[in-house]
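S.K.: One structure is given below, represented as structure tokens, and several questions about it will come after.
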Amino acid sequence: MSSYFLTRAYPYLSYQIRSFHLQVTGGVKTKLTPQQINHVLRLREASSAEVELPPPIKSYEVSQLAANFPIEDRCIEAQLLRAGGMLFSVIDGHGGPACGQAISERLADYVSVALMDKDGLDRIAREMDASAQSNFQLPQLVSRRLHPGDYLVSGQRTVHLKWLKNYVIDRLNSKDDSSDISQKLKDAFVRLDNDLSSCGLESLDENDQATEQNNLENLASSLSGAVVCAAYVDDCDLYVASTGDCSAFIASRDDEDIWTTKSLAAQHTHENKSEMERILKDHPGEEATVVTAERLLGQLYPLRAFGDCQYKWPVAKLKAILKNYQLMHLFPNGYATPPYLTAEPDVVHHRLIGHNKFMMLSSDGLFDFLDERSAGELVIEHMSGRRALQPFVVTPHSTLAELNVRLKKRSVAQSKKPDDSNVATHVIRHALGSTVEGLDVKKLSQALSASVEEARYQRDDMTVQVVFFDTDYLRMFSPMESSGKKS
Amino acid sequence: MTDVGLLWKTRLFGIMVRSLSVHRWQFFHLRNISAQTCRHQSTAASLPSQARVVVCGGGAIGVSVAYQLTLAGWNDVVILDQNSVIGASTLLSAGIIRRLAPSFLQTKIAEYSNECFDNLVKQGYDIGLHRSGSVHLAKTPDRQIDLKRQHSIAIAAGYESQLLTPEDLHKKFPYIHTADLYGALWVPMDGFIDPEATYKAVLKIAQEKGVRIVEGCQVTNVGLEKLYVKDVDTSLGKINCEYFVNCSGLWAREVGKLSSRKIRTPLHPCEHQYLVTHPVFPKEDKDYPIVFDLDNQMYMRAQRRGVLCGGFAANTKVAFPVQIPKDFTNKTLPEDWDSFQGLLGSLLKRIPSVHGAEPLKLVNGPVAFTPDGRAIVGEAPEVRNYYIAAGLNCKGTTAALGLAKLVVDRMTTGKTEFESWELDPRRFLDMHNNRDYIKSRIRETSQWVFGLNYPFRDETSRSARKVRTSSLYSPFKAAGAVFGQFMGYERPLFFVTEQMNALPDMDFFPSTFGKPSWHSAVEQEYNACRYSTGLIDLSSFSKFEVKGEGAMEYLQYLCSNDVDVPVGAIVHTGMHNERGGYENDCTVVRLGPSTFLLVAPTIQQTRCKKWLIRQRPANSNVVIDDVTSAYTVINIIGPLARDLMSHFHDMSPAAFPFFTCQTINVVNASNILAMNVTHTGEMGWVLYIPNEYALYVYEQLLKFGKDYNLTLAGHFAMRTLRIERFYAFWGQDIDSTTTPYECGRAFRVKFEKGDFIGRKALLEQQTAGVTRSYVQLLLDEHDMNNDPWPWGGEPIYCNDRFAGKTTTTGYGYTLNKQICLGTVKNIDPATKEELRITPEWIQSSRFEVEIAGKRFPAKVNVRSPRLPAVVPFEHPEVAKYATTQDDQAGVKKFVTKMAGEM
């Protein structure tokens with residue numbers, strides 16, 4: 001099954017990566033040249049350059065580095081056209097890319113639907129009905145930019161539309177009229193996960209040739225998994241919904257020029273006490289088996305996730321499906337009282353203020369090498385280094401002494417002038433190549449020239465998404481005191 | 001797998017092609033612009049069809065050359081400028097007159113320019129001349145010594161300067177921050193001019209005498225006929241001329257390429273920035289001195305009531321890394337505040353009162369620098385009547401008139417008032433004209449404008465090293481050699497000893513004015529050469545093969561010594577100019593009846609070849625080949641050299657006499673030309689080894705040399721050996737103004753052999769006597785551990801009157817004294833007349849050498865001193881090696897005898 005996924009839909013990009021692996025595993029390990037290192041690091045970088053973004057978002061920069069082949073991380077930067085605001089998301093897939101891929105194609109639509117009011121939903125429903133008679137086009141709810149290497153799985157669009165339409169109708173009929181955005185985000189997450197799960201279950205029932213390809217895809221989506229961290233920015237309100245162990249933090253500079261970072265995503269792992277309590281409470285009497293060797297049922301590291309229906313489906317159904325596909329080895333030990341796993345996120349609300357400079361979302365692959373603080377410092381360093389790239393302008397009536405102070409700051413920045421113009425790539429480069437003495441090309445070269453098999457053991461896929469805020473806008477439209485509440 | 005690799009290469013190649021095409025595009029872009037500019041400009045004045053001299057470039061130097069030509073009576077001069085005369089470089093100059101200079105020549109040039117400024121004022125021109133004085137600040141003890149050395153030169157040259165303590169300085173100029181200073185030098189007659197007014201006045205005078213200017217005229221080709229300048233093609237047409245002077249500043253290198261024979265003009269611009277502020281000072285500019293904060297690479301002067309501050313910080317940038325756009329004329333470069341921060345910080349620290357000042361403008365103008373930091377002034381070696389005056393290294397505005405005089409003297413009379421070899425275009429090889437080489441060098445030489453004038457600064461410079469190496473470079477390096485570059489050629493200066501190994505990075509040993517770190521290492525090498533055997537690499541020497549029918553007669557006419565010697569004999573000889581001065585000092589080896597090998601100093605490689613070719617009669621069959629690169633040259637030197645060399649060949653005095661050469665084998669290697677001669681006065685053999693045998697021969701010499709304490713020795717050891725023996729080297733001690741009578745080498749002049757160049761002048765001098773003498777001075781009372789050492793260029797005083805300057809110096813390990821070589825004159829204090837020098841005058845006079853302000857009494861030798869014999873059973877012949885200054889009848893006898901035997 002996995003070869004089926006391997007051989008499709010990676011026209012150009014993966015070929016490049018593979019060529020590296022072949023070269024270096026073919027014989028003697030050759031040191032990569034600086035140009036080759038740049039090439040690998042920048043293969044999947046993207047930025048908001050030349051795109052108009054809704055305030056207070058000034059810009060965003062993204063970069064990904066694969067360890068798996070193909071990469072299992074995904075990310076989303078999408079403007080919600082109907083609901084307003086913007087959604088950023090880092091998706092860290094496991095057990096194959098299918099689940100992460102499905103989420104990356106669908107999550108923004110689900111969040112849009114969850115956030116829209118009844119009028120909007122009504123309009124959508126009618127548009128969908130109309131298009132159903134013609135050629136079944138999905139109304140455009142979001143504007144999402146695909147990165148180099150991103151793709152859409154053909155055929156899945158129809159499946160997605162079917163389920164999304166149900167969601168629209170359910171939302172229309174729902175009695176819940178609350179305006180709690182946190183709750184709506186949770187609803188979108190859970191609903192998407194349920195739909196993926198149901199999709200997979202259907203594959204058991206509809207076993208005809210015509211839909212086999214889609215069935216396989218659907219089954220792969222529900223049997224692989226993904227952890228997701230999504231940040232929704234609606235004017236000066238920031239909501240971060242996180243399922244699993246991705247990370248998100250916001251960095252602020254106060255009036256004394258002191259930088260602080262604040263974590264916005266809870267980690268759903270065995271180290272999280274309340275998370276452990278929740279699981280044990282849901283499965284009384286299974287203390288010995290539910291979390292063993294730091295993992296759910298001894299297998300899964302994150303304690304919440306999308307997909308991974310082998311921890312969600314009823315026992316009988318799971319057995320039936322696994323048997324059908326000769327996948328019984330996936331059946332977990334001690335699987336008694338499903339579901340063991342949920343996609344329900346924790347949502348943190350943060351009110352953006354003028355001090356907030358940027359936010360970083362990243363998959364846990366980065367944090368095997370860095371902590372939040374040093375990641376933040378790398379971004380800050382890059383910001384000041386980038387300042388040196390701008391020409392110096394003499395402000396009217398400044399004295400020589402004042403100019404000297406400014407120039408000195410710039411000269412410090414000049415020495416930190418980064419190799420990468422993309423801040424996310426800068427962070428990844430330093431995560432892999434930093435030593436006490438600074439960047440070590442040899443270390444970078446080693447990390448990047450590892451074969452597929454080696455790479456998977458040395459590091460995980462990395463995704464870094466940095467979102468810069470427009471300080472001036474925030475100063476003008478947001479009250480100065482910050483408020484954060486967990487919902 | 002292969003396909004994938006191929007794909008990769010294709011991609012990389014694609015990237016390369018893309019980046020290349022960007023450059024291409026820029027190039028074409030610039031070309032297009034310049035083409036447009038040409039068309040635009042070609043509406044200007046009409047071009048005469050004929051002029052005696054065409055001056056290309058109407059900047060300060062071009063205008064000055066025209067002016068000096070009119071003073072010499074040459075009025076048929078045309079100045080061509082691609083834009084307009086007195087262009088940007090002149091207008092952008094800070095106009096500072098700085099007379100302090102590390103050498104007598106530069107001091108003289110500055111002095112002469114100054115006289116010109118005074119003359120202009122006397123003639124009623126307002127050139128904005130203000131003699132507000134200058135202070136040169138010393139922030140380090142070494143800078144203090146450097147300033148004292150220059151102070152000595154100033155006093156000797158006869159202008160006023162005064163050393164100040166920080167307290168004196170503070171009293172005089174309270175607004176200068178002095179807490180971090182060791183002292184300062186006050187030069188009251190320094191000041192500044194208005195460059196525009198000055199050179200417009202100079203131009204006006206020249207124009208009144210008949211000099212014409214044509215603006216908007218671009219030179220496109222310098223036409224030649226039989227290697228003489230014939231005409232100049234321009235964007236406005238052709239102009240016939242006899243002389244061409246390249247004064248085109250930044251473009252001089254490009255102009256140099258505009259003739260069928262490319263003229264080496266190695267220079268390239270660096271960015272030079274200065275800041276002008278709004279008013280800060282309460283009084284007008286002429287009340288404030290110019291401040292040279294040398295250790296911060298900064299100068300500062302008041303301009304009106306504001307500050308003008310500039311300099312060359314360590315991050316000085318090379319301007320136009322790709323190509324100088326032809327349409328750049330009269331424009332500035334974009335201001336670069338980031339690069340200026342260092343200087344700005346220094347200014348704020350040095351003159352705290354400028355803190356609140358507001359900037360008026362930051363001016364960034366390109367300034368041409370040369371790879372050795374010295375201007376290029378004189379006739380080009382490639383083409384006759386083609387002169388260059390360019391690469392003024394930031395001294396253009398104030399030195400232009402003096403430099404112009406040098407060129408014009410050379411052009412109109414063939415000689416100059418002062419020797420200007422250090423500025424001569426003949427000091428360059430093709431390697432110097434390589435743009436990448438120039439660019440890497442000028443980053444360093446731009447620092448020398450305010451840098452410390454340490455001894456061996458050029459030899460030990462850090463940029464563009466290891467370009468020319470002998471085939472023994474690697475084994476020498478492995479043996480601990482520390483190299484110095486000379487004409488780009490890496491020569492071992494000394495070899496580190498075990499004690500020295502602890503020092504980090506000996507490749508660039510610490511510079512000092514005092515006792516150098518290599519003193520004891522050189523002593524060991526010296527002792528080996530004096531008492532056992534040493535091995536010295538002489539590969540860098542210039543080597544020429546002169547052969548063909550008539551070669552002997554041809555050389556007889558060039559050389560003052562008799563070169564019609566038996567085949568196999570060696571002759572040390574001078575080649576003179578018409579005035580009897582040394583054009584070259586070389587060793588001529590007669591390899592066959594019409595085949596000669598000619599060995600000259602390293603720096604003579606271009607100059608010597610040019611001289612040889614120019615003197616060769618038309619239709620001559622003599623062939624001149626530069627074979628410098630064909631041989632690795634090893635000198636086996638010292639009293640045991642004969643014993644060592646006897647392992648390879650019969651080296652007995654009878655079989656291999658002094659001043660002869662033979663082709664020998666060294667074990668399995670053949671075709672090695674061995675010469676029984678040295679350049680230092682010790683006994684020894686110089687082996688000319690075809691490069692491919694060099695490593696083998698070297699290893700054999702080391703193997704057999706073990707029993708003779710054969711020690712690797714560097715050029716510092718050779719230098720001190722020859723200085724102690726009173727051996728003069730061309731380019732260091734003697735130059736084109738020195739005659740054999742002045743340096744005790746008359747015994748090598750053979751009038752009886754017939755005519756030769758300079759014979760007449762030398763005959764006259766033989767009867768008239770000399771007014772200048774080359775002497776060896778042994779310093780007394782010098783504390784070598786604490787006093788600054790002599791390094792050359794120090795003033796010599798005779799009976800408390802300035803008598804001359806030292807040339808090369810060294811510590812004599814046998815005489816245990818500091819030894820200076822130098823020239824002295826007997827100048828009548830009343831009439832300033834140079835009197836004839838007699839041995840009596842020298843013997844009866846009291847000599848002193850002034851080093852950094854302190855005078856040391858000196859004992860004077862006019863002949864080589866007798867050094868103690870070092871081997872008990874010395875062959876009577878050995879004494880003959882001891883000197884070149886004495887009568888060489890004995891040597892001649894040997895040669896004759898040998899000839900008889902052959």
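Residue numbering restarts at 1 for every chain of the structure tokens, chains are lettered A, B, ... in their displayed order, and ligands are numbered from 1 as they appear.
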How close does chain A get to chain B? List, as JSON lines, each residue of chain A within 7 Å, its nearest atom pair and the distance in Å to one decimal, counting only C-alpha atoms.
M.R.:
{"residue": "A:Ser19", "atom": "CA", "partner": "B:Val4", "partner_atom": "CA", "distance": 5.6}
{"residue": "A:Leu22", "atom": "CA", "partner": "B:Met1", "partner_atom": "CA", "distance": 6.7}
{"residue": "A:Phe392", "atom": "CA", "partner": "B:Trp337", "partner_atom": "CA", "distance": 6.7}
{"residue": "A:His397", "atom": "CA", "partner": "B:Glu358", "partner_atom": "CA", "distance": 6.3}
{"residue": "A:Ser398", "atom": "CA", "partner": "B:Glu358", "partner_atom": "CA", "distance": 6.1}
{"residue": "A:Thr399", "atom": "CA", "partner": "B:Glu358", "partner_atom": "CA", "distance": 4.5}
{"residue": "A:Leu400", "atom": "CA", "partner": "B:His355", "partner_atom": "CA", "distance": 5.6}
{"residue": "A:Ala401", "atom": "CA", "partner": "B:His355", "partner_atom": "CA", "distance": 4.9}
{"residue": "A:Asn404", "atom": "CA", "partner": "B:Gln341", "partner_atom": "CA", "distance": 6.3}
{"residue": "A:Leu407", "atom": "CA", "partner": "B:Gln341", "partner_atom": "CA", "distance": 5.9}
{"residue": "A:Lys408", "atom": "CA", "partner": "B:Gln341", "partner_atom": "CA", "distance": 6.8}
{"residue": "A:Ser411", "atom": "CA", "partner": "B:Asp338", "partner_atom": "CA", "distance": 6.7}
S.K.: Enumerate the residues of stretch 126-325 of chain B with a DSSP assignment of helix (DSSP H, G or I), computed from the backbone, and present them as a VMD selection string.
M.R.: chain B and resid 141 to 157 166 to 172 195 to 208 249 to 256 285 to 287 294 to 296
S.K.: Report, in Å to a single decimal, how far apart atom CA of A:Gly385 and atom CA of A:Ser445 are.
M.R.: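 Going from atom CA of A:Ser445 over to atom CA of A:Gly385, I get 23.7 Å.
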S.K.: Work out how far apart atom CA of A:Leu81 and atom CA of A:Ala188 are and give it in Å to one decimal.
M.R.: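 Answer for the atom CA of A:Leu81 to atom CA of A:Ala188 separation: 16.6 Å.
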S.K.: Do a neighbour search on A:Ala241 at 8 Å with only C-alpha atoms, toss out local chain neighbours closer than 6 positions, and write the hits as a ChimeraX atom specification.
M.R.: /A:182,185-186,229-231,265,345-348
S.K.: Let's have the selection written as a CSV table (one decimal), in the first residue's frame, with all heavy atoms.
M.R.:
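File produced: selection_27.csv:
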chain,number,residue,atom,x,y,z
A,182,SER,N,-13.8,29.6,20.2
A,182,SER,CA,-13.0,28.4,20.7
A,182,SER,C,-13.8,27.2,20.5
A,182,SER,O,-13.3,26.2,20.0
A,182,SER,CB,-12.6,28.6,22.2
A,182,SER,OG,-11.9,29.7,22.4
A,185,LEU,N,-14.1,26.2,16.9
A,185,LEU,CA,-12.8,25.6,16.3
A,185,LEU,C,-12.8,24.1,16.8
A,185,LEU,O,-12.5,23.2,16.0
A,185,LEU,CB,-11.6,26.3,16.9
A,185,LEU,CG,-11.3,27.7,16.3
A,185,LEU,CD1,-10.2,28.4,17.0
A,185,LEU,CD2,-11.0,27.5,14.8
A,186,LYS,N,-13.2,23.9,18.0
A,186,LYS,CA,-13.2,22.5,18.5
A,186,LYS,C,-14.1,21.7,17.7
A,186,LYS,O,-13.8,20.5,17.3
A,186,LYS,CB,-13.7,22.5,20.0
A,186,LYS,CG,-12.6,22.8,21.0
A,186,LYS,CD,-13.1,22.6,22.4
A,186,LYS,CE,-12.1,23.2,23.4
A,186,LYS,NZ,-12.5,23.1,24.7
A,229,CYS,N,-1.8,21.8,14.7
A,229,CYS,CA,-1.9,23.0,15.5
A,229,CYS,C,-2.3,24.1,14.6
A,229,CYS,O,-1.7,24.3,13.5
A,229,CYS,CB,-0.5,23.3,16.1
A,229,CYS,SG,-0.6,24.9,17.1
A,230,ALA,N,-3.5,24.7,14.9
A,230,ALA,CA,-4.0,25.7,14.0
A,230,ALA,C,-4.2,27.0,14.7
A,230,ALA,O,-4.6,27.0,15.9
A,230,ALA,CB,-5.3,25.2,13.4
A,231,ALA,N,-3.7,28.1,14.1
A,231,ALA,CA,-3.9,29.4,14.7
A,231,ALA,C,-4.9,30.2,13.8
A,231,ALA,O,-4.7,30.3,12.6
A,231,ALA,CB,-2.6,30.1,14.8
A,265,ALA,N,0.3,26.5,22.9
A,265,ALA,CA,-0.3,25.2,22.6
A,265,ALA,C,0.2,24.2,23.7
A,265,ALA,O,1.3,24.1,24.0
A,265,ALA,CB,0.2,24.7,21.3
A,345,PRO,N,-9.3,19.6,20.1
A,345,PRO,CA,-8.1,20.4,20.5
A,345,PRO,C,-8.3,21.1,21.8
A,345,PRO,O,-9.4,21.3,22.3
A,345,PRO,CB,-8.0,21.4,19.4
A,345,PRO,CG,-9.4,21.6,19.0
A,345,PRO,CD,-10.2,20.3,19.3
A,346,ASP,N,-7.2,21.5,22.4
A,346,ASP,CA,-7.2,22.6,23.4
A,346,ASP,C,-7.1,23.9,22.7
A,346,ASP,O,-6.3,24.0,21.7
A,346,ASP,CB,-6.0,22.5,24.4
A,346,ASP,CG,-6.3,21.5,25.5
A,346,ASP,OD1,-7.5,21.3,25.8
A,346,ASP,OD2,-5.4,20.8,26.0
A,347,VAL,N,-7.9,24.9,23.0
A,347,VAL,CA,-7.9,26.2,22.3
A,347,VAL,C,-7.4,27.2,23.3
A,347,VAL,O,-7.9,27.4,24.4
A,347,VAL,CB,-9.2,26.5,21.7
A,347,VAL,CG1,-9.1,27.8,20.9
A,347,VAL,CG2,-9.7,25.4,20.8
A,348,VAL,N,-6.5,28.0,22.9
A,348,VAL,CA,-6.0,29.2,23.7
A,348,VAL,C,-6.4,30.4,23.0
A,348,VAL,O,-6.2,30.6,21.7
A,348,VAL,CB,-4.5,29.1,23.9
A,348,VAL,CG1,-4.0,30.3,24.6
A,348,VAL,CG2,-4.1,27.9,24.6
S.K.: I want to know what sits within 9 Å of stretch 452-454 of chain B, based on only C-alpha atoms, with residues of the same chain fewer than 2 positions away left out; could you give that as a PDB file with N, CA, C and O atoms, in the first residue's frame?
M.R.:
ATOM      1  N   PRO B 102      57.137  59.405   4.608  1.00  0.00           N
ATOM      2  CA  PRO B 102      58.095  58.432   5.119  1.00  0.00           C
ATOM      3  C   PRO B 102      59.373  58.361   4.309  1.00  0.00           C
ATOM      4  O   PRO B 102      60.310  57.719   4.715  1.00  0.00           O
ATOM      5  N   ASP B 142      54.666  52.796  18.995  1.00  0.00           N
ATOM      6  CA  ASP B 142      55.263  52.630  17.671  1.00  0.00           C
ATOM      7  C   ASP B 142      54.934  53.824  16.774  1.00  0.00           C
ATOM      8  O   ASP B 142      55.754  54.261  15.969  1.00  0.00           O
ATOM      9  N   ARG B 143      53.725  54.348  16.915  1.00  0.00           N
ATOM     10  CA  ARG B 143      53.359  55.517  16.119  1.00  0.00           C
ATOM     11  C   ARG B 143      54.235  56.700  16.524  1.00  0.00           C
ATOM     12  O   ARG B 143      54.645  57.497  15.685  1.00  0.00           O
ATOM     13  N   ASP B 146      57.398  56.264  14.769  1.00  0.00           N
ATOM     14  CA  ASP B 146      57.194  56.557  13.350  1.00  0.00           C
ATOM     15  C   ASP B 146      57.175  58.072  13.126  1.00  0.00           C
ATOM     16  O   ASP B 146      57.802  58.590  12.194  1.00  0.00           O
ATOM     17  N   LEU B 294      46.112  59.281  13.043  1.00  0.00           N
ATOM     18  CA  LEU B 294      46.650  58.236  12.171  1.00  0.00           C
ATOM     19  C   LEU B 294      46.241  56.839  12.599  1.00  0.00           C
ATOM     20  O   LEU B 294      45.921  55.995  11.780  1.00  0.00           O
ATOM     21  N   ASP B 295      46.240  56.597  13.903  1.00  0.00           N
ATOM     22  CA  ASP B 295      45.932  55.241  14.363  1.00  0.00           C
ATOM     23  C   ASP B 295      44.465  54.893  14.147  1.00  0.00           C
ATOM     24  O   ASP B 295      44.098  53.728  14.206  1.00  0.00           O
ATOM     25  N   TRP B 448      47.641  51.987   3.902  1.00  0.00           N
ATOM     26  CA  TRP B 448      48.982  52.518   4.140  1.00  0.00           C
ATOM     27  C   TRP B 448      49.016  54.036   4.126  1.00  0.00           C
ATOM     28  O   TRP B 448      50.025  54.625   4.487  1.00  0.00           O
ATOM     29  N   VAL B 449      47.940  54.673   3.656  1.00  0.00           N
ATOM     30  CA  VAL B 449      47.918  56.134   3.613  1.00  0.00           C
ATOM     31  C   VAL B 449      48.220  56.679   5.017  1.00  0.00           C
ATOM     32  O   VAL B 449      49.006  57.600   5.190  1.00  0.00           O
ATOM     33  N   PHE B 450      47.591  56.067   6.001  1.00  0.00           N
ATOM     34  CA  PHE B 450      47.844  56.484   7.378  1.00  0.00           C
ATOM     35  C   PHE B 450      48.510  55.381   8.195  1.00  0.00           C
ATOM     36  O   PHE B 450      48.580  55.450   9.405  1.00  0.00           O
ATOM     37  N   PHE B 456      60.058  46.665   6.025  1.00  0.00           N
ATOM     38  CA  PHE B 456      59.622  45.471   5.278  1.00  0.00           C
ATOM     39  C   PHE B 456      58.102  45.376   5.169  1.00  0.00           C
ATOM     40  O   PHE B 456      57.540  44.299   5.126  1.00  0.00           O
ATOM     41  N   ARG B 457      57.429  46.528   5.164  1.00  0.00           N
ATOM     42  CA  ARG B 457      55.971  46.498   5.091  1.00  0.00           C
ATOM     43  C   ARG B 457      55.503  45.870   3.779  1.00  0.00           C
ATOM     44  O   ARG B 457      54.568  45.076   3.763  1.00  0.00           O
ATOM     45  N   SER B 511      55.643  43.251  13.454  1.00  0.00           N
ATOM     46  CA  SER B 511      56.430  44.365  12.964  1.00  0.00           C
ATOM     47  C   SER B 511      56.905  45.215  14.132  1.00  0.00           C
ATOM     48  O   SER B 511      56.227  45.313  15.142  1.00  0.00           O
ATOM     49  N   THR B 512      58.077  45.799  13.976  1.00  0.00           N
ATOM     50  CA  THR B 512      58.603  46.639  15.038  1.00  0.00           C
ATOM     51  C   THR B 512      59.631  47.608  14.455  1.00  0.00           C
ATOM     52  O   THR B 512      60.192  47.351  13.392  1.00  0.00           O
ATOM     53  N   PHE B 513      59.851  48.707  15.157  1.00  0.00           N
ATOM     54  CA  PHE B 513      60.938  49.609  14.776  1.00  0.00           C
ATOM     55  C   PHE B 513      62.206  49.260  15.543  1.00  0.00           C
ATOM     56  O   PHE B 513      63.254  49.813  15.301  1.00  0.00           O
ATOM     57  N   TRP B 791      66.574  51.557   9.854  1.00  0.00           N
ATOM     58  CA  TRP B 791      65.946  50.681   8.856  1.00  0.00           C
ATOM     59  C   TRP B 791      66.093  51.230   7.449  1.00  0.00           C
ATOM     60  O   TRP B 791      65.471  50.727   6.508  1.00  0.00           O
TER      61      TRP B 791
END
S.K.: Measuring between only C-alpha atoms, which one of B:Cys661, B:Leu362, B:Cys586, B:Ala197 shows the shortest distance to B:Cys608?
M.R.: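 Among B:Cys661, B:Leu362, B:Cys586, B:Ala197, it is B:Cys586 that comes nearest to B:Cys608.
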S.K.: What is the atom CA of A:Ser59 to atom CA of A:Leu152 distance in Å?
M.R.: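 Between atom CA of A:Ser59 and atom CA of A:Leu152 the gap works out to 24.6 Å.
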S.K.: If DSSP is run on the backbone, what residues of stretch 246-432 of chain B are strand (DSSP E or B)? A reply as a PyMOL selection string would be ideal.
M.R.: chain B and resi 246+259+268-277+290-293+298-303+306-311+318+333+359-369+376-379+384+386-390
S.K.: Would you mind listing what lies within 12 Å of A:Ser48 as an mmCIF file with C-alpha atoms, in the first residue's frame, with only C-alpha atoms counted and same-chain residues fewer than 3 positions away left out?
M.R.:
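Dumped everything to out_0.cif:
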data_model
loop_
_atom_site.group_PDB
_atom_site.id
_atom_site.type_symbol
_atom_site.label_atom_id
_atom_site.label_comp_id
_atom_site.auth_asym_id
_atom_site.auth_seq_id
_atom_site.Cartn_x
_atom_site.Cartn_y
_atom_site.Cartn_z
ATOM 1 C CA GLU A 45 10.263 27.521 1.509
ATOM 2 C CA VAL A 51 0.245 38.874 -1.189
ATOM 3 C CA GLU A 52 -2.079 41.260 0.556
ATOM 4 C CA LEU A 53 -2.915 39.909 3.988
ATOM 5 C CA PRO A 54 -5.684 40.879 6.380
ATOM 6 C CA ILE A 57 -0.875 40.034 9.806
ATOM 7 C CA LYS A 58 2.094 41.692 8.160
ATOM 8 C CA SER A 59 3.732 38.703 6.562
ATOM 9 C CA TYR A 60 4.427 35.048 7.020
ATOM 10 C CA GLU A 61 7.308 32.793 6.068
ATOM 11 C CA VAL A 62 7.273 29.021 5.961
ATOM 12 C CA SER A 63 9.844 26.365 5.402
ATOM 13 C CA GLU A 77 -1.874 29.372 5.333
ATOM 14 C CA ALA A 78 -5.373 30.233 4.244
ATOM 15 C CA GLN A 79 -7.484 33.351 4.135
ATOM 16 C CA ARG A 144 -4.918 28.867 0.217
ATOM 17 C CA ARG A 145 -1.542 29.148 -1.437
ATOM 18 C CA LEU A 146 0.094 25.869 -2.302
ATOM 19 C CA HIS A 147 3.825 25.693 -1.609
ATOM 20 C CA ASN A 422 13.479 33.257 4.655
ATOM 21 C CA GLN A 465 5.738 28.751 10.124
ATOM 22 C CA VAL A 466 6.512 32.294 11.270
ATOM 23 C CA VAL A 467 3.815 34.949 11.226
ATOM 24 C CA PHE A 468 4.765 38.582 11.713
#
S.K.: Skip stretch 766-780 of chain B itself and residues of its chain fewer than 4 positions away, then list as a tab-separated table (two decimals) with C-alpha atoms, in the first residue's frame all residues within 8 Å of it, counting only C-alpha atoms.
M.R.:
chain	number	residue	atom	x	y	z
B	726	PHE	CA	79.81	46.89	2.34
B	741	TYR	CA	83.10	56.60	-8.57
B	742	GLU	CA	80.57	57.46	-5.93
B	743	CYS	CA	80.31	53.91	-4.67
B	744	GLY	CA	83.91	52.74	-4.87
B	762	LEU	CA	82.55	58.77	-16.18
B	817	LYS	CA	77.42	47.01	15.57
B	818	GLN	CA	74.48	48.51	13.75
B	819	ILE	CA	75.71	49.13	10.24
B	820	CYS	CA	74.23	51.66	7.86
B	821	LEU	CA	75.06	52.08	4.20
B	822	GLY	CA	74.33	55.48	2.79
B	823	THR	CA	75.47	58.37	0.70
B	824	VAL	CA	77.03	61.56	2.02
B	825	LYS	CA	77.63	64.93	0.46
B	826	ASN	CA	79.82	67.78	1.59
B	834	GLU	CA	78.19	70.53	-3.19
B	835	LEU	CA	81.93	70.25	-2.64
B	836	ARG	CA	84.24	67.58	-3.93
B	837	ILE	CA	84.59	64.72	-1.53
B	848	GLU	CA	76.18	60.88	13.05
B	849	VAL	CA	73.03	59.00	12.06
B	856	PHE	CA	74.27	58.17	17.11
B	857	PRO	CA	77.96	58.80	16.40
B	858	ALA	CA	79.23	56.72	13.52
B	859	LYS	CA	82.57	55.46	12.30
B	860	VAL	CA	82.83	55.74	8.54
B	861	ASN	CA	84.31	53.24	6.08
B	862	VAL	CA	84.77	53.96	2.42
B	863	ARG	CA	86.18	50.51	1.73
S.K.: Hey, which of B:Leu203, B:Leu227, B:Leu695, B:Val276 ends up closest to B:Arg304? Count only C-alpha atoms.
M.R.: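 Checking each candidate against B:Arg304, we get B:Val276 as the closest.
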